[in-house]
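**Q** What follows is the file my_file21.txt, containing compact mmCIF, C-alpha atoms:
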```
# COMPACT_ATOMS: atom_id res chain seq x y z
CA MET G 245 -16.04 -55.30 17.32
CA SER G 246 -16.85 -52.14 19.27
CA ALA G 247 -16.10 -51.60 22.95
CA ASN G 248 -19.69 -52.47 23.86
CA GLY G 249 -19.61 -55.78 22.01
CA PHE G 250 -21.54 -54.64 18.93
CA LYS G 251 -20.41 -55.82 15.51
CA ALA G 252 -22.17 -55.23 12.20
CA THR G 253 -21.72 -57.83 9.50
CA SER G 254 -23.32 -59.16 6.33
CA ASP G 255 -21.82 -62.61 6.91
CA PHE G 256 -24.80 -64.87 7.57
CA SER G 257 -22.54 -67.75 8.62
CA LYS G 258 -22.13 -65.90 11.92
CA ILE G 259 -25.73 -66.96 12.69
CA ALA G 260 -24.33 -70.34 13.77
CA GLU G 261 -22.40 -68.62 16.59
CA VAL G 262 -25.26 -66.75 18.30
CA ASP G 263 -27.92 -67.73 20.81
CA VAL G 264 -30.64 -65.35 19.60
CA ILE G 265 -31.67 -64.19 16.12
CA ILE G 266 -34.06 -61.21 15.88
CA ILE G 267 -35.66 -60.47 12.50
CA CYS G 268 -36.77 -56.87 12.09
CA VAL G 269 -37.09 -56.18 8.37
CA PRO G 270 -39.55 -54.06 6.36
CA THR G 271 -43.02 -55.39 5.57
CA PRO G 272 -44.29 -53.06 2.83
CA LEU G 273 -47.43 -53.34 0.73
CA GLY G 274 -47.65 -54.64 -2.81
CA VAL G 275 -49.21 -52.74 -5.69
CA HIS G 276 -52.70 -53.90 -4.65
CA ASN G 277 -52.21 -53.18 -0.93
CA GLU G 278 -51.46 -56.83 -0.26
CA PRO G 279 -48.80 -57.83 2.31
CA ASP G 280 -45.28 -58.10 0.94
CA LEU G 281 -43.42 -60.57 3.15
CA SER G 282 -40.51 -60.93 0.73
CA TYR G 283 -38.02 -59.41 3.19
CA ILE G 284 -39.04 -61.85 5.92
CA LEU G 285 -38.99 -64.83 3.55
CA GLY G 286 -35.66 -63.77 2.09
CA THR G 287 -34.11 -63.42 5.55
CA LEU G 288 -35.35 -66.86 6.55
CA GLU G 289 -33.69 -68.37 3.51
CA TYR G 290 -30.42 -66.58 4.26
CA ILE G 291 -30.28 -67.84 7.85
CA LYS G 292 -31.64 -71.31 7.14
CA PRO G 293 -28.29 -73.09 6.52
CA HIS G 294 -26.81 -71.69 9.73
CA LEU G 295 -29.50 -72.36 12.34
CA GLN G 296 -28.46 -74.47 15.30
CA GLU G 297 -30.19 -76.34 18.11
CA ASN G 298 -31.24 -74.36 21.19
CA GLN G 299 -31.33 -71.01 19.41
CA LEU G 300 -34.15 -68.49 19.89
CA LEU G 301 -35.59 -66.86 16.76
CA VAL G 302 -37.78 -63.79 17.30
CA LEU G 303 -39.72 -61.90 14.65
CA GLU G 304 -40.28 -58.17 15.32
CA SER G 305 -41.61 -57.03 11.94
CA THR G 306 -45.19 -55.83 11.88
CA THR G 307 -47.39 -58.26 10.01
CA TYR G 308 -50.87 -59.77 9.86
CA PRO G 309 -52.13 -61.98 12.70
CA GLY G 310 -51.08 -65.57 12.04
CA THR G 311 -47.78 -64.91 10.26
CA THR G 312 -45.57 -66.53 12.91
CA GLU G 313 -47.66 -69.67 13.09
CA GLU G 314 -48.46 -69.88 9.37
CA ILE G 315 -45.06 -68.92 7.91
CA LEU G 316 -42.29 -69.30 10.49
CA VAL G 317 -43.46 -72.48 12.24
CA PRO G 318 -43.73 -74.49 8.96
CA PHE G 319 -40.39 -73.02 7.88
CA ILE G 320 -38.61 -74.31 11.00
CA ASN G 321 -40.34 -77.67 10.75
CA SER G 322 -39.29 -78.05 7.12
CA ILE G 323 -35.53 -77.69 7.64
CA GLN G 324 -34.12 -81.02 6.45
CA ASN G 325 -30.62 -81.02 7.90
CA GLN G 326 -31.82 -80.36 11.46
CA LYS G 327 -34.33 -82.10 13.68
CA PHE G 328 -35.81 -79.09 15.41
CA THR G 329 -38.67 -79.53 17.87
CA LEU G 330 -40.19 -76.19 18.78
CA GLY G 331 -40.20 -75.61 22.50
CA GLU G 332 -37.65 -78.38 23.13
CA ASN G 333 -34.48 -77.73 21.12
CA PHE G 334 -35.46 -74.66 19.09
CA TYR G 335 -37.49 -71.66 20.17
CA LEU G 336 -39.65 -69.21 18.26
CA GLY G 337 -41.21 -65.97 19.48
CA TYR G 338 -42.87 -62.80 18.26
CA SER G 339 -42.36 -59.37 19.84
CA PRO G 340 -43.52 -56.38 17.79
CA GLU G 341 -41.38 -53.29 17.55
CA ARG G 342 -42.67 -50.28 19.49
CA GLU G 343 -40.99 -47.00 18.63
CA ASP G 344 -41.96 -43.34 18.37
CA PRO G 345 -39.23 -41.49 16.46
CA GLY G 346 -38.57 -38.03 17.81
CA ASN G 347 -40.32 -38.70 21.14
CA LYS G 348 -38.00 -37.50 23.91
CA ASN G 349 -40.17 -38.86 26.71
CA PHE G 350 -39.90 -42.55 25.82
CA THR G 351 -36.98 -44.72 24.73
CA THR G 352 -36.71 -48.33 23.62
CA LYS G 353 -35.86 -49.20 27.22
CA THR G 354 -38.85 -47.46 28.79
CA ILE G 355 -41.56 -48.53 26.33
CA PRO G 356 -43.27 -51.75 27.54
CA LYS G 357 -42.57 -54.67 25.17
CA ILE G 358 -45.17 -57.22 24.08
CA VAL G 359 -43.70 -60.75 24.06
CA SER G 360 -45.08 -64.09 22.91
CA GLY G 361 -43.95 -67.57 21.93
CA VAL G 362 -45.33 -70.53 20.00
CA THR G 363 -44.97 -72.68 23.16
CA GLU G 364 -44.66 -71.93 26.87
CA ASN G 365 -40.91 -72.54 26.74
CA CYS G 366 -40.63 -70.26 23.71
CA LEU G 367 -42.49 -67.52 25.58
CA GLU G 368 -40.32 -67.98 28.65
CA LEU G 369 -37.11 -67.55 26.67
CA THR G 370 -38.47 -64.61 24.67
CA LYS G 371 -39.50 -62.89 27.89
CA ALA G 372 -36.11 -63.62 29.49
CA LEU G 373 -34.38 -62.01 26.51
CA TYR G 374 -36.33 -58.77 26.56
CA ASP G 375 -36.36 -58.53 30.36
CA GLN G 376 -32.65 -57.79 30.02
CA ILE G 377 -33.31 -54.97 27.55
CA VAL G 378 -36.50 -53.14 28.55
CA ASP G 379 -38.00 -52.08 31.86
CA GLN G 380 -41.25 -53.99 31.38
CA THR G 381 -42.37 -56.92 29.27
CA VAL G 382 -46.01 -57.81 28.70
CA SER G 383 -46.63 -61.49 27.98
CA VAL G 384 -49.58 -62.54 25.81
CA SER G 385 -50.94 -65.99 25.11
CA SER G 386 -49.85 -66.45 21.48
CA PRO G 387 -47.96 -64.81 18.61
CA LYS G 388 -51.31 -64.20 16.94
CA VAL G 389 -52.40 -62.03 19.87
CA ALA G 390 -49.10 -60.13 19.79
CA GLU G 391 -49.38 -59.58 16.04
CA MET G 392 -52.95 -58.33 16.43
CA THR G 393 -51.90 -56.04 19.28
CA LYS G 394 -49.42 -54.18 17.07
CA ILE G 395 -51.95 -53.94 14.27
CA LEU G 396 -54.55 -52.56 16.70
CA GLU G 397 -52.16 -49.90 17.99
CA ASN G 398 -51.52 -48.58 14.49
CA ILE G 399 -55.14 -48.90 13.35
CA HIS G 400 -56.18 -46.89 16.40
CA ARG G 401 -53.97 -44.03 15.24
CA ALA G 402 -54.84 -44.34 11.55
CA VAL G 403 -58.60 -44.31 12.17
CA ASN G 404 -58.49 -41.40 14.60
CA ILE G 405 -56.24 -39.38 12.31
CA GLY G 406 -58.62 -40.16 9.45
CA LEU G 407 -61.52 -38.92 11.58
CA VAL G 408 -59.83 -35.66 12.49
CA ASN G 409 -58.70 -35.12 8.88
CA GLU G 410 -62.31 -35.45 7.76
CA LEU G 411 -63.43 -33.08 10.53
CA LYS G 412 -60.76 -30.61 9.40
CA MET G 413 -62.33 -30.45 5.94
CA VAL G 414 -65.81 -30.01 7.40
CA ALA G 415 -64.60 -27.33 9.83
CA ASP G 416 -62.88 -25.48 7.00
CA LYS G 417 -66.18 -25.25 5.10
CA MET G 418 -67.80 -23.88 8.25
CA ASP G 419 -64.98 -21.34 8.82
CA ILE G 420 -63.98 -23.02 12.09
CA ASP G 421 -60.40 -23.51 13.23
CA ILE G 422 -60.17 -27.27 13.86
CA TYR G 423 -57.04 -26.82 16.00
CA GLU G 424 -58.90 -24.50 18.37
CA VAL G 425 -61.68 -27.08 18.56
CA ILE G 426 -59.28 -29.94 19.32
CA ASN G 427 -57.42 -27.97 21.98
CA ALA G 428 -60.70 -27.01 23.61
CA ALA G 429 -61.91 -30.63 23.59
CA ALA G 430 -58.59 -31.77 25.04
CA THR G 431 -59.36 -29.91 28.26
CA LYS G 432 -61.86 -32.68 29.05
CA PRO G 433 -60.03 -34.87 31.60
CA PHE G 434 -61.65 -38.13 30.47
CA GLY G 435 -63.03 -39.82 27.36
CA PHE G 436 -61.10 -37.76 24.81
CA THR G 437 -57.62 -38.10 23.31
CA PRO G 438 -56.45 -35.32 20.99
CA TYR G 439 -55.37 -36.24 17.47
CA TYR G 440 -54.26 -33.60 15.01
CA PRO G 441 -54.80 -33.38 11.25
CA GLY G 442 -52.10 -33.03 8.66
CA PRO G 443 -51.33 -33.26 4.95
CA GLY G 444 -51.57 -37.05 5.00
CA LEU G 445 -50.10 -40.06 6.78
CA GLY G 446 -46.44 -41.00 6.66
CA GLY G 447 -43.92 -43.32 8.24
CA HIS G 448 -43.31 -47.01 7.84
CA CYS G 449 -46.19 -48.19 10.07
CA ILE G 450 -49.44 -46.25 10.26
CA PRO G 451 -50.11 -45.81 6.50
CA ILE G 452 -49.32 -49.49 5.85
CA ASP G 453 -50.13 -51.75 8.78
CA PRO G 454 -53.94 -51.38 8.78
CA PHE G 455 -54.03 -52.87 5.28
CA TYR G 456 -52.38 -56.02 6.62
CA LEU G 457 -55.47 -56.69 8.72
CA THR G 458 -57.75 -55.65 5.86
CA TRP G 459 -56.09 -58.21 3.61
CA LYS G 460 -56.28 -60.95 6.23
CA ALA G 461 -59.93 -60.15 6.96
CA LYS G 462 -60.80 -60.48 3.26
CA GLU G 463 -59.07 -63.86 3.23
CA MET G 464 -61.57 -64.85 5.92
CA GLY G 465 -64.56 -63.42 4.04
CA MET G 466 -64.89 -60.20 6.02
CA ASN G 467 -64.67 -56.51 5.10
CA THR G 468 -63.04 -53.93 7.36
CA ARG G 469 -65.06 -50.96 6.11
CA PHE G 470 -64.16 -48.65 8.99
CA ILE G 471 -60.42 -49.14 8.48
CA GLU G 472 -60.66 -48.82 4.70
CA LEU G 473 -62.64 -45.59 4.93
CA ALA G 474 -60.01 -44.04 7.21
CA GLY G 475 -57.36 -45.15 4.72
CA GLU G 476 -59.23 -43.49 1.87
CA ILE G 477 -59.48 -40.20 3.77
CA ASN G 478 -55.83 -40.19 4.80
CA THR G 479 -54.69 -41.08 1.28
CA TYR G 480 -56.80 -38.25 -0.14
CA MET G 481 -55.28 -35.54 2.08
CA PRO G 482 -52.36 -34.55 -0.21
CA ASN G 483 -54.90 -33.89 -2.96
CA TYR G 484 -56.96 -31.78 -0.57
CA VAL G 485 -53.88 -29.74 0.34
CA ALA G 486 -52.92 -29.38 -3.33
CA GLN G 487 -56.38 -27.98 -4.08
CA LYS G 488 -55.99 -25.46 -1.24
CA VAL G 489 -52.68 -24.40 -2.78
CA SER G 490 -54.33 -23.98 -6.19
CA ASP G 491 -57.18 -21.95 -4.69
CA ALA G 492 -54.76 -19.72 -2.76
CA LEU G 493 -52.75 -18.99 -5.90
CA ASN G 494 -55.93 -18.24 -7.82
CA THR G 495 -56.84 -15.54 -5.30
CA VAL G 496 -53.68 -13.64 -6.28
CA GLY G 497 -54.21 -14.21 -9.99
CA LYS G 498 -51.81 -17.11 -10.45
CA SER G 499 -52.08 -20.77 -11.36
CA VAL G 500 -50.02 -23.67 -10.07
CA LYS G 501 -48.29 -23.89 -13.45
CA ARG G 502 -45.08 -21.82 -13.40
CA SER G 503 -45.70 -20.68 -9.81
CA LYS G 504 -42.83 -21.01 -7.33
CA ILE G 505 -43.90 -23.22 -4.43
CA LEU G 506 -41.67 -23.63 -1.40
CA VAL G 507 -42.34 -26.77 0.65
CA LEU G 508 -41.24 -26.60 4.28
CA GLY G 509 -40.45 -30.06 5.60
CA LEU G 510 -39.92 -33.40 3.87
CA ALA G 511 -40.00 -35.76 6.84
CA TYR G 512 -43.28 -37.50 7.63
CA LYS G 513 -43.24 -36.00 11.15
CA LYS G 514 -41.35 -33.22 12.84
CA ASN G 515 -37.81 -33.51 14.15
CA VAL G 516 -36.94 -36.81 12.44
CA ASP G 517 -34.90 -37.71 9.37
CA ASP G 518 -37.41 -40.21 8.02
CA LEU G 519 -39.38 -39.54 4.84
CA ARG G 520 -40.88 -43.00 4.28
CA GLU G 521 -44.40 -42.61 2.87
CA SER G 522 -44.16 -38.87 3.57
CA PRO G 523 -47.06 -36.84 2.16
CA SER G 524 -44.54 -34.10 1.32
CA LEU G 525 -43.18 -36.28 -1.47
CA GLU G 526 -46.66 -36.85 -2.82
CA LEU G 527 -47.31 -33.10 -2.76
CA ILE G 528 -44.07 -32.30 -4.57
CA ASP G 529 -44.99 -34.87 -7.20
CA ILE G 530 -48.43 -33.30 -7.67
CA PHE G 531 -47.00 -29.79 -8.03
CA ILE G 532 -44.26 -30.79 -10.47
CA ASN G 533 -46.79 -32.65 -12.62
CA LYS G 534 -48.91 -29.50 -12.68
CA GLY G 535 -45.96 -27.46 -13.94
CA ALA G 536 -44.94 -25.70 -10.72
CA ILE G 537 -41.39 -24.73 -9.83
CA VAL G 538 -40.81 -26.51 -6.53
CA ASP G 539 -38.16 -25.91 -3.87
CA TYR G 540 -37.97 -27.20 -0.33
CA CYS G 541 -36.37 -26.54 3.05
CA ASP G 542 -35.62 -29.29 5.54
CA PRO G 543 -32.63 -29.33 7.92
CA TYR G 544 -32.62 -33.14 7.88
CA PHE G 545 -32.40 -33.58 4.09
CA PRO G 546 -29.79 -31.64 2.06
CA THR G 547 -31.04 -33.62 -0.95
CA ILE G 548 -34.06 -35.88 -1.48
CA PRO G 549 -33.14 -39.58 -1.41
CA HIS G 550 -34.74 -41.67 -4.13
CA THR G 551 -37.63 -43.84 -2.99
CA ARG G 552 -39.61 -46.60 -4.68
CA LYS G 553 -42.23 -44.08 -5.82
CA HIS G 554 -40.34 -40.81 -6.16
CA GLN G 555 -37.04 -39.75 -7.71
CA PHE G 556 -36.58 -36.00 -7.36
CA GLU G 557 -33.35 -34.20 -8.23
CA LEU G 558 -33.75 -31.34 -5.76
CA ALA G 559 -31.45 -29.82 -3.15
CA ALA G 560 -32.57 -28.03 -0.01
CA LYS G 561 -32.76 -24.25 0.02
CA PRO G 562 -31.64 -22.27 3.08
CA LEU G 563 -34.56 -20.99 5.11
CA ASN G 564 -33.92 -17.26 4.90
CA LYS G 565 -35.57 -14.04 3.80
CA ASN G 566 -34.57 -14.38 0.15
CA THR G 567 -35.82 -17.97 -0.14
CA LEU G 568 -39.19 -17.06 1.35
CA LYS G 569 -39.65 -13.86 -0.63
CA SER G 570 -38.81 -15.53 -3.94
CA ALA G 571 -41.68 -18.01 -3.54
CA ASP G 572 -45.21 -17.35 -4.73
CA LEU G 573 -46.53 -19.62 -1.98
CA VAL G 574 -45.04 -21.31 1.08
CA LEU G 575 -46.46 -24.67 2.15
CA LEU G 576 -45.77 -25.81 5.72
CA ALA G 577 -45.89 -29.61 5.39
CA THR G 578 -43.77 -30.66 8.39
CA ASP G 579 -43.49 -28.48 11.48
CA HIS G 580 -39.86 -29.00 12.50
CA ASP G 581 -38.88 -27.15 15.67
CA ASP G 582 -35.77 -25.86 13.87
CA PHE G 583 -37.86 -23.67 11.56
CA ASP G 584 -37.95 -19.95 12.33
CA TYR G 585 -41.72 -19.42 12.32
CA ASP G 586 -41.50 -15.69 12.98
CA LEU G 587 -39.36 -15.33 9.86
CA ILE G 588 -41.73 -17.54 7.85
CA GLU G 589 -44.72 -15.49 8.94
CA LYS G 590 -43.02 -12.19 8.21
CA GLU G 591 -41.43 -12.90 4.83
CA SER G 592 -43.78 -15.37 3.12
CA PRO G 593 -46.25 -13.96 0.57
CA VAL G 594 -48.89 -16.66 1.22
CA ILE G 595 -48.71 -19.55 3.69
CA ILE G 596 -50.60 -22.82 3.48
CA ASP G 597 -50.46 -24.22 7.01
CA THR G 598 -51.14 -27.96 7.29
CA ARG G 599 -49.95 -28.21 10.91
CA GLY G 600 -51.75 -25.44 12.78
CA LYS G 601 -48.62 -23.43 13.59
CA PHE G 602 -50.03 -20.02 12.68
CA PHE G 603 -53.06 -18.09 13.90
CA ASN G 604 -56.09 -17.66 11.69
CA SER G 605 -55.99 -13.91 12.30
CA ILE G 606 -52.96 -13.62 10.00
CA ASP G 607 -54.38 -12.70 6.59
CA LYS G 608 -51.67 -14.42 4.57
CA VAL G 609 -52.20 -17.79 6.33
CA ILE G 610 -54.59 -20.42 4.97
CA LYS G 611 -55.18 -23.56 7.03
CA ALA G 612 -55.17 -26.82 5.05
```
Spell out the structure here as structure tokens.

**A**
Amino acid sequence: MSANGFKATSDFSKIAEVDVIIICVPTPLGVHNEPDLSYILGTLEYIKPHLQENQLLVLESTTYPGTTEEILVPFINSIQNQKFTLGENFYLGYSPEREDPGNKNFTTKTIPKIVSGVTENCLELTKALYDQIVDQTVSVSSPKVAEMTKILENIHRAVNIGLVNELKMVADKMDIDIYEVINAAATKPFGFTPYYPGPGLGGHCIPIDPFYLTWKAKEMGMNTRFIELAGEINTYMPNYVAQKVSDALNTVGKSVKRSKILVLGLAYKKNVDDLRESPSLELIDIFINKGAIVDYCDPYFPTIPHTRKHQFELAAKPLNKNTLKSADLVLLATDHDDFDYDLIEKESPVIIDTRGKFFNSIDKVIKA
């Protein structure tokens, strides 16, 4: 037990001693982009023997609208050794996680928290819990609304990023700097929110969560064509970047095979140590399969952890003059603030810039 009362344990029997249980486990996609609720279902089974009357159980994992009422409510009602009545002697709520890793302007405490419950009493207790933790709670009428709210937030980002990624490819054909266009449009004080393109989507939410609604919509006989199109564009982006790398090498008489490619940044976004669904991993995989010699620099990853899709045996190179000069091409995939961009610009033979960090006037820089 730490001084602040925190204790980590894998002993599920301790569930019987607490007043509140919060489930916040991964909700990945299956091989056909269907929801994988195995972590939620597994957790429910682990805690099932230890649940007690008058406890509050809150789900925070992102999932499709209806999960709480279709999965958790029947689960609680089916427990044989307890006579739980939701809203009377057992309480169930849903409050989606809201985080922005690397954002220094907002913390867990200052980000408003959506709260819901399967009954009025469940909502009241869920709200009372989070009112002690965050500055503002926002109550909604049902878990289904709360679940849809989180999905909407992430679809909003996924669709707009898909739009600007498509515009980036169009602008490139027209010899227009999309970053200059976005920054100019952002001077409009109303009706426009800037989104920036990149080498693809990463993280544990935005590349995955929209497909939860797509799956649920299909179950109800509907197609979410707008969401699926954005997903196709965002998924395609690593291939687009890889083609730009191939074209750039061709201009200096080289092919991807046997070329030395230095990837700057593994994390899915700058200044974080999170590489879940990172497009950098997809790019490394593409280059290795094409016969390239791949190295990387990232201050957050001395080695590349194995993931479900990728198992690379690579160690980080120091970002210095020798590392840059020894590469045939340098690919900026993640724009960490720790990178020395003056050094990169000076010492790199060719730069593929997927983050808009360099000016178009630099001959060696190619925007991708």

**Q** Between G:Gly310, G:Pro523, G:Phe455, G:Gln487, single out the one closest to Gly274 in chain G, counting all atoms listed in the file.

**A** G:Phe455

**Q** How many Å separate CA of Ser383 in chain G from CA of Leu367 in chain G?

**A**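 Between CA of Ser383 in chain G and CA of Leu367 in chain G the gap is 7.7 Å.
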
**Q** Just to confirm, what's the straight-line distance from CA of Glu526 in chain G to CA of Tyr484 in chain G in Å (one decimal)?

**A**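 Taking CA of Glu526 in chain G and CA of Tyr484 in chain G, their separation equals 11.7 Å.
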
**Q** Tell me which protein, DNA and RNA residues are within 10 Å of range 543-559 of chain G, counting all atoms listed in the file, leaving out same-chain ones fewer than 4 positions away, and put them as a PyMOL selection string.

**A** chain G and resi 508-511+515-521+525-526+528-529+532+538-539+563+580+582-583

**Q** What's around Met464 in chain G at 12 Å? Count only C-alpha atoms, leave out sequence neighbours fewer than 6 positions away in its own chain, and write the answer as a ChimeraX atom specification.

**A** /G:309,457-458

**Q** So, counting all atoms listed in the file, which residue among G:Lys388, G:Lys460, G:His294, G:Lys534 is closest to Glu261 in chain G?

**A**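 That would be G:His294, the residue with the smallest distance to Glu261 in chain G.
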
**Q** Report, in Å to a single decimal, how far apart CA of Ile399 in chain G and CA of Ala428 in chain G are.

**A**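 A separation of 24.8 Å between them.
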
**Q** With a distance cut-off of 12 Å and all atoms listed in the file, select the neighbouring residues of Val496 in chain G, excluding the residue or stretch itself and same-chain residues fewer than 2 positions from it, and output the selection as an mmCIF file with C-alpha atoms, in the coordinates of the input.

**A**
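Printed below is selection.cif as written:
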```
data_model
loop_
_atom_site.group_PDB
_atom_site.id
_atom_site.type_symbol
_atom_site.label_atom_id
_atom_site.label_comp_id
_atom_site.auth_asym_id
_atom_site.auth_seq_id
_atom_site.Cartn_x
_atom_site.Cartn_y
_atom_site.Cartn_z
ATOM 1 C CA VAL G 489 -52.680 -24.400 -2.780
ATOM 2 C CA SER G 490 -54.330 -23.980 -6.190
ATOM 3 C CA ASP G 491 -57.180 -21.950 -4.690
ATOM 4 C CA ALA G 492 -54.760 -19.720 -2.760
ATOM 5 C CA LEU G 493 -52.750 -18.990 -5.900
ATOM 6 C CA ASN G 494 -55.930 -18.240 -7.820
ATOM 7 C CA LYS G 498 -51.810 -17.110 -10.450
ATOM 8 C CA SER G 499 -52.080 -20.770 -11.360
ATOM 9 C CA VAL G 500 -50.020 -23.670 -10.070
ATOM 10 C CA SER G 503 -45.700 -20.680 -9.810
ATOM 11 C CA ASP G 572 -45.210 -17.350 -4.730
ATOM 12 C CA LEU G 573 -46.530 -19.620 -1.980
ATOM 13 C CA PRO G 593 -46.250 -13.960 0.570
ATOM 14 C CA VAL G 594 -48.890 -16.660 1.220
ATOM 15 C CA LYS G 608 -51.670 -14.420 4.570
#
```

**Q** If we count all atoms listed in the file, what is near Arg469 in chain G at a cut-off of 12 Å, once residues fewer than 5 positions away on the same chain are taken out, given as a short mmCIF file (atom, residue, chain, number, x, y, z; two decimals) with C-alpha atoms, in the frame of the given file?

**A**
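Result file follows (result-v5.cif):
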```cif
data_model
loop_
_atom_site.label_atom_id
_atom_site.label_comp_id
_atom_site.auth_asym_id
_atom_site.auth_seq_id
_atom_site.Cartn_x
_atom_site.Cartn_y
_atom_site.Cartn_z
CA VAL G 403 -58.60 -44.31 12.17
CA PRO G 454 -53.94 -51.38 8.78
CA PHE G 455 -54.03 -52.87 5.28
CA LEU G 457 -55.47 -56.69 8.72
CA THR G 458 -57.75 -55.65 5.86
CA TRP G 459 -56.09 -58.21 3.61
CA ALA G 461 -59.93 -60.15 6.96
CA LYS G 462 -60.80 -60.48 3.26
CA ALA G 474 -60.01 -44.04 7.21
CA GLY G 475 -57.36 -45.15 4.72
CA GLU G 476 -59.23 -43.49 1.87
#
```

**Q** Any idea what's packed within 10 Å of Gly346 in chain G, counting all atoms listed in the file, ignoring anything in its chain fewer than 2 positions away? Could you give it as a list in words?

**A**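 Once the adjacent positions are removed, what remains is Glu343, Asp344, Lys348, Asn349, Phe350, Thr351, Lys513, Lys514, Asn515, Val516 and Asp517 of chain G.
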
**Q** Identify which of the residues G:Thr567, G:Thr598, G:Thr370, G:Thr271 lies closest to Ser524 in chain G, counting only C-alpha atoms when measuring atom-to-atom distances.

**A** G:Thr598

**Q** So, counting all atoms listed in the file, which residue among G:Ala536, G:Ala402, G:Ala260, G:Ala430 is closest to Ile452 in chain G?

**A**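 Smallest separation from Ile452 in chain G among the options: G:Ala402.
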
**Q** Is it possible to add N, CA and C atoms to range 326-343 of chain G and hand it back as a PDB file, keeping the file's coordinate frame?

**A**
```pdb
ATOM      1  N   GLN G 326     -31.723 -80.473  10.014  1.00  0.00           N
ATOM      2  CA  GLN G 326     -31.820 -80.360  11.460  1.00  0.00           C
ATOM      3  C   GLN G 326     -33.127 -80.993  11.918  1.00  0.00           C
ATOM      4  N   LYS G 327     -33.107 -81.560  13.101  1.00  0.00           N
ATOM      5  CA  LYS G 327     -34.330 -82.100  13.680  1.00  0.00           C
ATOM      6  C   LYS G 327     -34.750 -81.181  14.826  1.00  0.00           C
ATOM      7  N   PHE G 328     -35.378 -80.077  14.433  1.00  0.00           N
ATOM      8  CA  PHE G 328     -35.810 -79.090  15.410  1.00  0.00           C
ATOM      9  C   PHE G 328     -37.198 -79.467  15.934  1.00  0.00           C
ATOM     10  N   THR G 329     -37.360 -79.397  17.239  1.00  0.00           N
ATOM     11  CA  THR G 329     -38.670 -79.530  17.870  1.00  0.00           C
ATOM     12  C   THR G 329     -38.939 -78.252  18.638  1.00  0.00           C
ATOM     13  N   LEU G 330     -39.923 -77.490  18.171  1.00  0.00           N
ATOM     14  CA  LEU G 330     -40.190 -76.190  18.780  1.00  0.00           C
ATOM     15  C   LEU G 330     -40.584 -76.346  20.234  1.00  0.00           C
ATOM     16  N   GLY G 331     -39.936 -75.558  21.069  1.00  0.00           N
ATOM     17  CA  GLY G 331     -40.200 -75.610  22.500  1.00  0.00           C
ATOM     18  C   GLY G 331     -39.306 -76.581  23.243  1.00  0.00           C
ATOM     19  N   GLU G 332     -38.538 -77.419  22.496  1.00  0.00           N
ATOM     20  CA  GLU G 332     -37.650 -78.380  23.130  1.00  0.00           C
ATOM     21  C   GLU G 332     -36.177 -78.137  22.782  1.00  0.00           C
ATOM     22  N   ASN G 333     -35.863 -78.022  21.498  1.00  0.00           N
ATOM     23  CA  ASN G 333     -34.480 -77.730  21.120  1.00  0.00           C
ATOM     24  C   ASN G 333     -34.363 -76.592  20.109  1.00  0.00           C
ATOM     25  N   PHE G 334     -35.462 -75.904  19.868  1.00  0.00           N
ATOM     26  CA  PHE G 334     -35.460 -74.660  19.090  1.00  0.00           C
ATOM     27  C   PHE G 334     -36.665 -73.845  19.534  1.00  0.00           C
ATOM     28  N   TYR G 335     -36.480 -72.510  19.539  1.00  0.00           N
ATOM     29  CA  TYR G 335     -37.490 -71.660  20.170  1.00  0.00           C
ATOM     30  C   TYR G 335     -37.859 -70.498  19.244  1.00  0.00           C
ATOM     31  N   LEU G 336     -39.137 -70.203  19.210  1.00  0.00           N
ATOM     32  CA  LEU G 336     -39.650 -69.210  18.260  1.00  0.00           C
ATOM     33  C   LEU G 336     -40.612 -68.277  18.976  1.00  0.00           C
ATOM     34  N   GLY G 337     -40.360 -66.967  18.837  1.00  0.00           N
ATOM     35  CA  GLY G 337     -41.210 -65.970  19.480  1.00  0.00           C
ATOM     36  C   GLY G 337     -41.553 -64.834  18.554  1.00  0.00           C
ATOM     37  N   TYR G 338     -42.510 -64.021  18.985  1.00  0.00           N
ATOM     38  CA  TYR G 338     -42.870 -62.800  18.260  1.00  0.00           C
ATOM     39  C   TYR G 338     -42.990 -61.670  19.265  1.00  0.00           C
ATOM     40  N   SER G 339     -42.319 -60.542  18.961  1.00  0.00           N
ATOM     41  CA  SER G 339     -42.360 -59.370  19.840  1.00  0.00           C
ATOM     42  C   SER G 339     -42.324 -58.124  18.969  1.00  0.00           C
ATOM     43  N   PRO G 340     -43.470 -57.492  18.743  1.00  0.00           N
ATOM     44  CA  PRO G 340     -43.520 -56.380  17.790  1.00  0.00           C
ATOM     45  C   PRO G 340     -42.730 -55.169  18.254  1.00  0.00           C
ATOM     46  N   GLU G 341     -42.119 -54.526  17.287  1.00  0.00           N
ATOM     47  CA  GLU G 341     -41.380 -53.290  17.550  1.00  0.00           C
ATOM     48  C   GLU G 341     -42.350 -52.205  18.027  1.00  0.00           C
ATOM     49  N   ARG G 342     -41.918 -51.461  19.022  1.00  0.00           N
ATOM     50  CA  ARG G 342     -42.670 -50.280  19.490  1.00  0.00           C
ATOM     51  C   ARG G 342     -41.699 -49.108  19.570  1.00  0.00           C
ATOM     52  N   GLU G 343     -41.858 -48.170  18.664  1.00  0.00           N
ATOM     53  CA  GLU G 343     -40.990 -47.000  18.630  1.00  0.00           C
ATOM     54  C   GLU G 343     -41.810 -45.766  18.294  1.00  0.00           C
TER      55      GLU G 343
END
```
